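Asker: For reference, the file input27.txt (compact mmCIF, C-alpha atoms) is included below:
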# COMPACT_ATOMS: atom_id res chain seq x y z
CA MET R 224 -2.55 -3.93 -19.43
CA ARG R 225 -3.25 -1.16 -16.98
CA VAL R 226 -2.79 -1.58 -13.22
CA LEU R 227 -4.38 0.79 -10.75
CA LEU R 228 -2.31 0.24 -7.60
CA ALA R 229 -4.06 1.78 -4.60
CA ARG R 230 -3.37 2.04 -0.89
CA HIS R 231 -6.06 1.53 1.74
CA GLY R 232 -7.76 4.46 3.46
CA GLU R 233 -6.80 5.90 6.80
CA THR R 234 -7.19 3.91 10.02
CA PRO R 235 -7.24 5.23 13.60
CA TRP R 236 -3.72 3.90 14.07
CA ASN R 237 -2.48 5.71 10.96
CA ALA R 238 -3.81 8.97 12.38
CA GLU R 239 -2.14 8.30 15.74
CA GLY R 240 1.23 7.36 14.21
CA ARG R 241 0.93 3.81 15.53
CA TYR R 242 2.57 0.90 13.69
CA GLN R 243 -0.06 -1.61 12.62
CA GLY R 244 1.74 -3.97 10.23
CA GLN R 245 -0.40 -7.12 10.08
CA ARG R 246 -2.74 -6.15 12.91
CA ASP R 247 -6.21 -6.09 11.36
CA ILE R 248 -7.16 -2.49 12.08
CA PRO R 249 -10.34 -1.28 10.30
CA LEU R 250 -10.80 1.97 8.42
CA SER R 251 -11.65 5.08 10.39
CA PRO R 252 -14.58 7.29 9.32
CA VAL R 253 -12.01 9.41 7.50
CA GLY R 254 -10.71 6.29 5.75
CA GLU R 255 -14.22 5.27 4.70
CA ALA R 256 -14.76 8.75 3.25
CA GLN R 257 -11.47 8.53 1.37
CA ALA R 258 -12.53 5.17 -0.06
CA ARG R 259 -15.83 6.69 -1.20
CA SER R 260 -13.88 9.47 -2.92
CA LEU R 261 -11.83 6.82 -4.67
CA ALA R 262 -15.05 5.07 -5.69
CA GLY R 263 -16.26 8.27 -7.30
CA ARG R 264 -13.07 8.56 -9.28
CA LEU R 265 -13.27 4.96 -10.50
CA SER R 266 -17.02 4.82 -11.13
CA ASP R 267 -16.81 5.46 -14.87
CA LEU R 268 -13.78 3.25 -15.47
CA ARG R 269 -13.97 -0.30 -16.72
CA ILE R 270 -12.23 -2.59 -14.24
CA ASP R 271 -11.71 -6.17 -15.38
CA ARG R 272 -10.18 -7.67 -12.24
CA ALA R 273 -9.62 -6.59 -8.64
CA VAL R 274 -7.32 -8.06 -5.99
CA ALA R 275 -6.69 -6.85 -2.45
CA SER R 276 -4.81 -7.72 0.70
CA PRO R 277 -7.08 -9.69 3.05
CA LEU R 278 -6.48 -7.23 5.90
CA SER R 279 -9.78 -5.47 6.47
CA ARG R 280 -8.50 -1.94 5.82
CA ALA R 281 -7.44 -2.93 2.30
CA ARG R 282 -10.35 -5.27 1.62
CA ARG R 283 -12.94 -2.70 2.73
CA THR R 284 -11.26 0.04 0.69
CA ALA R 285 -11.46 -2.18 -2.38
CA GLU R 286 -15.10 -3.07 -1.74
CA ILE R 287 -16.09 0.58 -1.41
CA ALA R 288 -13.99 1.60 -4.41
CA LEU R 289 -15.57 -1.05 -6.61
CA GLY R 290 -19.13 -0.40 -5.48
CA ALA R 291 -21.93 -2.89 -5.02
CA ALA R 292 -22.23 -3.74 -8.73
CA ARG R 293 -18.58 -4.82 -9.04
CA MET R 294 -17.81 -6.07 -5.53
CA ASP R 295 -18.17 -9.73 -6.51
CA MET R 296 -15.07 -9.54 -8.72
CA LEU R 297 -12.80 -8.88 -5.74
CA GLY R 298 -10.22 -11.53 -4.92
CA LEU R 299 -7.90 -11.61 -1.90
CA ASP R 300 -4.23 -12.58 -1.80
CA ALA R 301 -2.37 -12.90 1.50
CA GLY R 302 0.87 -12.17 -0.35
CA LEU R 303 -0.26 -8.53 -0.48
CA ALA R 304 -0.53 -8.15 3.32
CA GLU R 305 1.48 -5.37 4.95
CA ILE R 306 4.96 -5.98 6.35
CA ALA R 307 4.90 -7.77 9.70
CA HIS R 308 6.38 -5.28 12.14
CA GLY R 309 6.72 -7.83 14.95
CA ASP R 310 7.20 -6.16 18.32
CA TRP R 311 6.61 -2.72 16.83
CA GLU R 312 2.96 -3.46 16.07
CA GLY R 313 0.63 -1.49 18.30
CA LYS R 314 3.32 0.98 19.34
CA LEU R 315 3.56 4.67 18.53
CA ALA R 316 6.49 5.75 16.40
CA SER R 317 7.48 8.05 19.27
CA GLU R 318 7.60 5.08 21.67
CA ILE R 319 9.84 3.10 19.33
CA ARG R 320 12.22 6.04 18.97
CA GLN R 321 12.68 5.95 22.74
CA SER R 322 13.02 2.18 23.18
CA ALA R 323 14.80 1.19 19.93
CA ALA R 324 16.41 4.37 18.66
CA GLU R 325 19.21 2.65 16.73
CA ARG R 326 16.89 0.28 14.82
CA MET R 327 14.44 3.10 14.18
CA GLN R 328 17.23 5.24 12.72
CA ALA R 329 18.30 2.32 10.52
CA TRP R 330 14.68 1.94 9.35
CA SER R 331 14.88 5.53 8.16
CA ASP R 332 18.43 5.55 6.78
CA ASP R 333 18.97 1.96 5.55
CA PRO R 334 15.59 0.21 5.54
CA ALA R 335 16.79 -2.79 3.56
CA SER R 336 19.09 -3.74 6.45
CA VAL R 337 16.35 -3.93 9.10
CA GLN R 338 14.82 -7.18 10.34
CA MET R 339 11.74 -6.34 12.35
CA PRO R 340 12.07 -7.67 15.92
CA GLY R 341 9.90 -10.32 17.52
CA GLY R 342 9.14 -12.41 14.46
CA GLY R 343 8.70 -9.53 12.05
CA GLU R 344 9.88 -9.36 8.45
CA SER R 345 12.60 -7.62 6.49
CA LEU R 346 11.74 -5.74 3.31
CA GLY R 347 13.50 -8.47 1.34
CA GLN R 348 11.20 -11.09 2.86
CA VAL R 349 8.19 -8.94 2.04
CA MET R 350 9.33 -8.54 -1.56
CA ASP R 351 9.70 -12.32 -1.85
CA ARG R 352 5.95 -12.73 -1.28
CA VAL R 353 4.63 -9.45 -2.70
CA TRP R 354 6.08 -9.70 -6.21
CA PRO R 355 4.71 -13.22 -6.83
CA ALA R 356 1.32 -12.00 -5.56
CA PHE R 357 1.49 -9.09 -8.00
CA GLU R 358 2.39 -11.48 -10.82
CA ARG R 359 -0.59 -13.69 -9.90
CA ALA R 360 -2.89 -10.66 -9.98
CA CYS R 361 -1.62 -9.71 -13.45
CA ALA R 362 -1.64 -13.23 -14.90
CA GLY R 363 -3.79 -13.57 -18.00
CA MET R 364 -4.65 -9.88 -18.28
CA ASP R 365 -4.95 -8.76 -21.89
CA ASP R 366 -3.89 -5.54 -23.57
CA GLY R 367 -6.49 -2.88 -22.82
CA GLN R 368 -7.71 -4.54 -19.61
CA THR R 369 -7.52 -2.87 -16.22
CA LEU R 370 -6.57 -4.43 -12.90
CA LEU R 371 -7.23 -2.81 -9.52
CA VAL R 372 -4.85 -3.81 -6.71
CA VAL R 373 -5.49 -2.46 -3.20
CA ALA R 374 -2.69 -3.02 -0.73
CA HIS R 375 -0.50 -1.16 1.79
CA ASP R 376 2.19 1.45 2.12
CA ALA R 377 5.27 -0.79 2.22
CA VAL R 378 3.74 -3.26 -0.25
CA ASN R 379 3.03 -0.57 -2.82
CA ARG R 380 6.45 0.99 -2.34
CA LEU R 381 8.15 -2.35 -2.98
CA ILE R 382 6.13 -2.98 -6.15
CA LEU R 383 6.94 0.52 -7.37
CA CYS R 384 10.65 0.13 -6.56
CA ARG R 385 10.72 -3.05 -8.63
CA VAL R 386 8.89 -1.46 -11.57
CA LEU R 387 11.06 1.66 -11.45
CA GLY R 388 14.28 -0.33 -11.10
CA LEU R 389 15.08 1.27 -7.75
CA PRO R 390 16.88 -0.56 -4.95
CA VAL R 391 14.84 -1.27 -1.85
CA ALA R 392 17.02 1.27 -0.04
CA ARG R 393 15.12 3.98 -1.99
CA ILE R 394 11.75 2.95 -0.59
CA TRP R 395 11.28 6.27 1.23
CA SER R 396 12.05 8.39 -1.86
CA PHE R 397 8.35 8.74 -2.75
CA ARG R 398 5.08 8.71 -0.81
CA GLN R 399 1.93 6.61 -0.72
CA ALA R 400 -1.03 8.56 0.64
CA PRO R 401 -4.30 7.03 1.88
CA THR R 402 -6.31 5.63 -1.08
CA THR R 403 -3.68 6.97 -3.45
CA LEU R 404 -3.65 5.75 -7.04
CA ASN R 405 -0.57 4.67 -8.97
CA LEU R 406 -1.13 3.90 -12.64
CA LEU R 407 1.14 1.32 -14.27
CA GLU R 408 0.97 0.27 -17.92
CA GLY R 409 2.72 -2.50 -19.78
CA SER R 410 2.57 -5.96 -21.23
CA ALA R 411 3.78 -7.80 -18.10
CA PRO R 412 4.73 -7.04 -14.47
CA ASP R 413 8.43 -6.78 -15.41
CA ALA R 414 7.69 -4.57 -18.43
CA MET R 415 5.68 -1.70 -17.00
CA ASP R 416 5.92 2.07 -16.99
CA VAL R 417 4.77 4.23 -14.09
CA VAL R 418 2.26 6.67 -15.60
CA ARG R 419 0.98 8.21 -12.35
CA LEU R 420 2.54 8.09 -8.90
CA ASN R 421 0.83 8.82 -5.57
CA ASP R 422 -2.17 10.50 -7.19
CA CYS R 423 -4.65 11.35 -4.43
CA ALA R 424 -6.43 14.24 -6.16
CA HIS R 425 -9.78 12.66 -5.28
CA HIS R 426 -9.39 13.77 -1.64
CA THR R 427 -6.30 15.97 -1.23
CA PRO R 428 -5.38 19.28 -2.90
CA LEU R 429 -2.19 19.48 -4.95
CA PHE R 430 -0.20 20.96 -2.08
CA GLY R 431 -2.12 19.17 0.66
CA GLU R 432 -0.44 17.03 3.28
CA ALA R 433 -1.14 13.30 2.97
CA VAL R 434 1.59 11.74 5.07
CA HIS R 435 1.30 9.12 7.79
CA ARG R 436 3.79 8.77 10.60
CA ALA R 437 3.79 4.96 10.65
CA LEU R 438 2.91 2.03 8.42
Show the structure stored in the file as structure tokens.
Answerer:
Amino acid sequence: MRVLLARHGETPWNAEGRYQGQRDIPLSPVGEAQARSLAGRLSDLRIDRAVASPLSRARRTAEIALGAARMDMLGLDAGLAEIAHGDWEGKLASEIRQSAAERMQAWSDDPASVQMPGGGESLGQVMDRVWPAFERACAGMDDGQTLLVVAHDAVNRLILCRVLGLPVARIWSFRQAPTTLNLLEGSAPDAMDVVRLNDCAHHTPLFGEAVHRAL
């Protein structure tokens, strides 16, 4: 089984450095173009199943990436939604540094310890729903089949940490660019190798910058 784990394209809030979490922010024109670049890269590949987060930035990225002929195969799973950032949603990272400097520093230095304020989630809570969603997406896939999963920055990082055997505290030790591709191969979700990580060659040069300032 092969899993193409992708992130959604850029949104206006990504470009601004504004935390969006579970706010349903659509793709920007740049994000739509990134999704079209991803579609070009996937056009000649056989994809047997596709699952995305229901948030429009992920769903639309998946629809564009699949193209009109394959769009009907797309399923949605709320378990793949981005981390709920609670009171941080809608705020610039710079604003949060001023109003909640200690929690923001913990989010950088010890992310597993942070409970997002105002009804938000911890990374542990996100993992508790994301991994079962990933298992559901993989269920019944045969050797040689390919699954496309389109989700979010924190969601992808958590899946990759689990596959790589990394603690959640290492979530910032690699990047997830807009419409990046991660290629996983194996017989089951808990028996996978990471073949490609954060591959965004379809829209960014090897030494190009593809970093966002907020989730």
Asker: From the set R:Leu268, R:Leu420, R:Ala288, R:Ala229, which residue has the shortest atom-to-atom contact distance to Cys384 of chain R, counting only C-alpha atoms?
Answerer: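 Between R:Leu268, R:Leu420, R:Ala288, R:Ala229, the residue approaching Cys384 of chain R most closely is R:Leu420.
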Asker: Which value, in Å to one decimal, gives the distance between atom CA of Arg385 of chain R and atom CA of Asp413 of chain R?
Answerer: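 If I compute the distance from atom CA of Arg385 of chain R to atom CA of Asp413 of chain R, I get 8.1 Å.
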Asker: Excluding segment 238-249 of chain R and any residue of its chain fewer than 5 positions from it, enumerate the residues within 8 Å of it, using all atoms listed in the file, and give them as number ranges by chain.
Answerer: R: 233, 278-280, 304-309, 311-316, 435-438
Asker: Please determine, counting all atoms listed in the file, which residue among R:Ala301, R:Val253, R:Ala291, R:Leu227 has the shortest atom-to-atom distance to Ile270 of chain R.
Answerer: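 Comparing R:Ala301, R:Val253, R:Ala291, R:Leu227 against Ile270 of chain R, the winner is R:Leu227.
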Asker: Check the smallest atom-to-atom distance from each of R:Ser345, R:Ser317, R:Thr284, R:Ser276 to Arg259 of chain R using all atoms listed in the file, then report the winner.
Answerer: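 Of R:Ser345, R:Ser317, R:Thr284, R:Ser276, the one nearest Arg259 of chain R is R:Thr284, counting all atoms listed in the file.
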Asker: Please measure the separation of atom CA of Gln321 of chain R and atom CA of Ala374 of chain R, giving the value in Å to one decimal.
Answerer: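 Computing the Euclidean distance for atom CA of Gln321 of chain R and atom CA of Ala374 of chain R yields 29.5 Å.
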Asker: Could you give me, as an MDAnalysis selection string, the residues within 10 Å of segment 379-382 of chain R, counting only C-alpha atoms and dropping anything in the same chain fewer than 6 positions from it?
Answerer: chainID R and resid 228:230 303 305 346:347 349:350 353:354 357 372:373 388:391 393:399 405 412
Asker: Any idea what's packed within 8 Å of segment 408-410 of chain R, counting only C-alpha atoms, ignoring anything in its chain fewer than 6 positions away? Could you give it as an MDAnalysis selection string?
Answerer: chainID R and resid 224:226 366 416:418
Asker: Rounded to one decimal, what separation in Å do you get between atom CA of Ala292 of chain R and atom CA of Ala262 of chain R?
Answerer: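 Going from atom CA of Ala292 of chain R over to atom CA of Ala262 of chain R, I get 11.8 Å.
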Asker: Measuring atom to atom with only C-alpha atoms, identify which of R:Asp422, R:Asp365, R:Glu358, R:Asp271 is nearest to Val386 of chain R.
Answerer: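 Ranked by minimum distance to Val386 of chain R, first place goes to R:Glu358.
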Asker: Just checking: using all atoms listed in the file, which residue out of R:Met296, R:Ala275, R:Met327, R:Ala281 ends up closest to Gly232 of chain R?
Answerer: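 The shortest atom-to-atom distance to Gly232 of chain R comes from R:Ala281.
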Asker: Closest to Pro277 of chain R among R:Leu371, R:Ser260, R:Gly290, R:Leu297, using only C-alpha atoms?
Answerer: R:Leu297
Asker: If you count all atoms listed in the file, which residues fall within 8 Å of Leu261 of chain R, apart from same-chain ones fewer than 4 positions away, as number ranges by chain?
Answerer: R: 257, 265, 288, 402, 425-426
Asker: Please enclose the listed atoms of segment 354-362 of chain R in an axis-aligned box, pad each side by 4 Å, and write out the centre and the three edge lengths in Å, rounded to one decimal, as JSON.
Answerer:
{"center_x": 1.6, "center_y": -11.4, "center_z": -10.2, "size_x": 17.0, "size_y": 12.6, "size_z": 17.3}
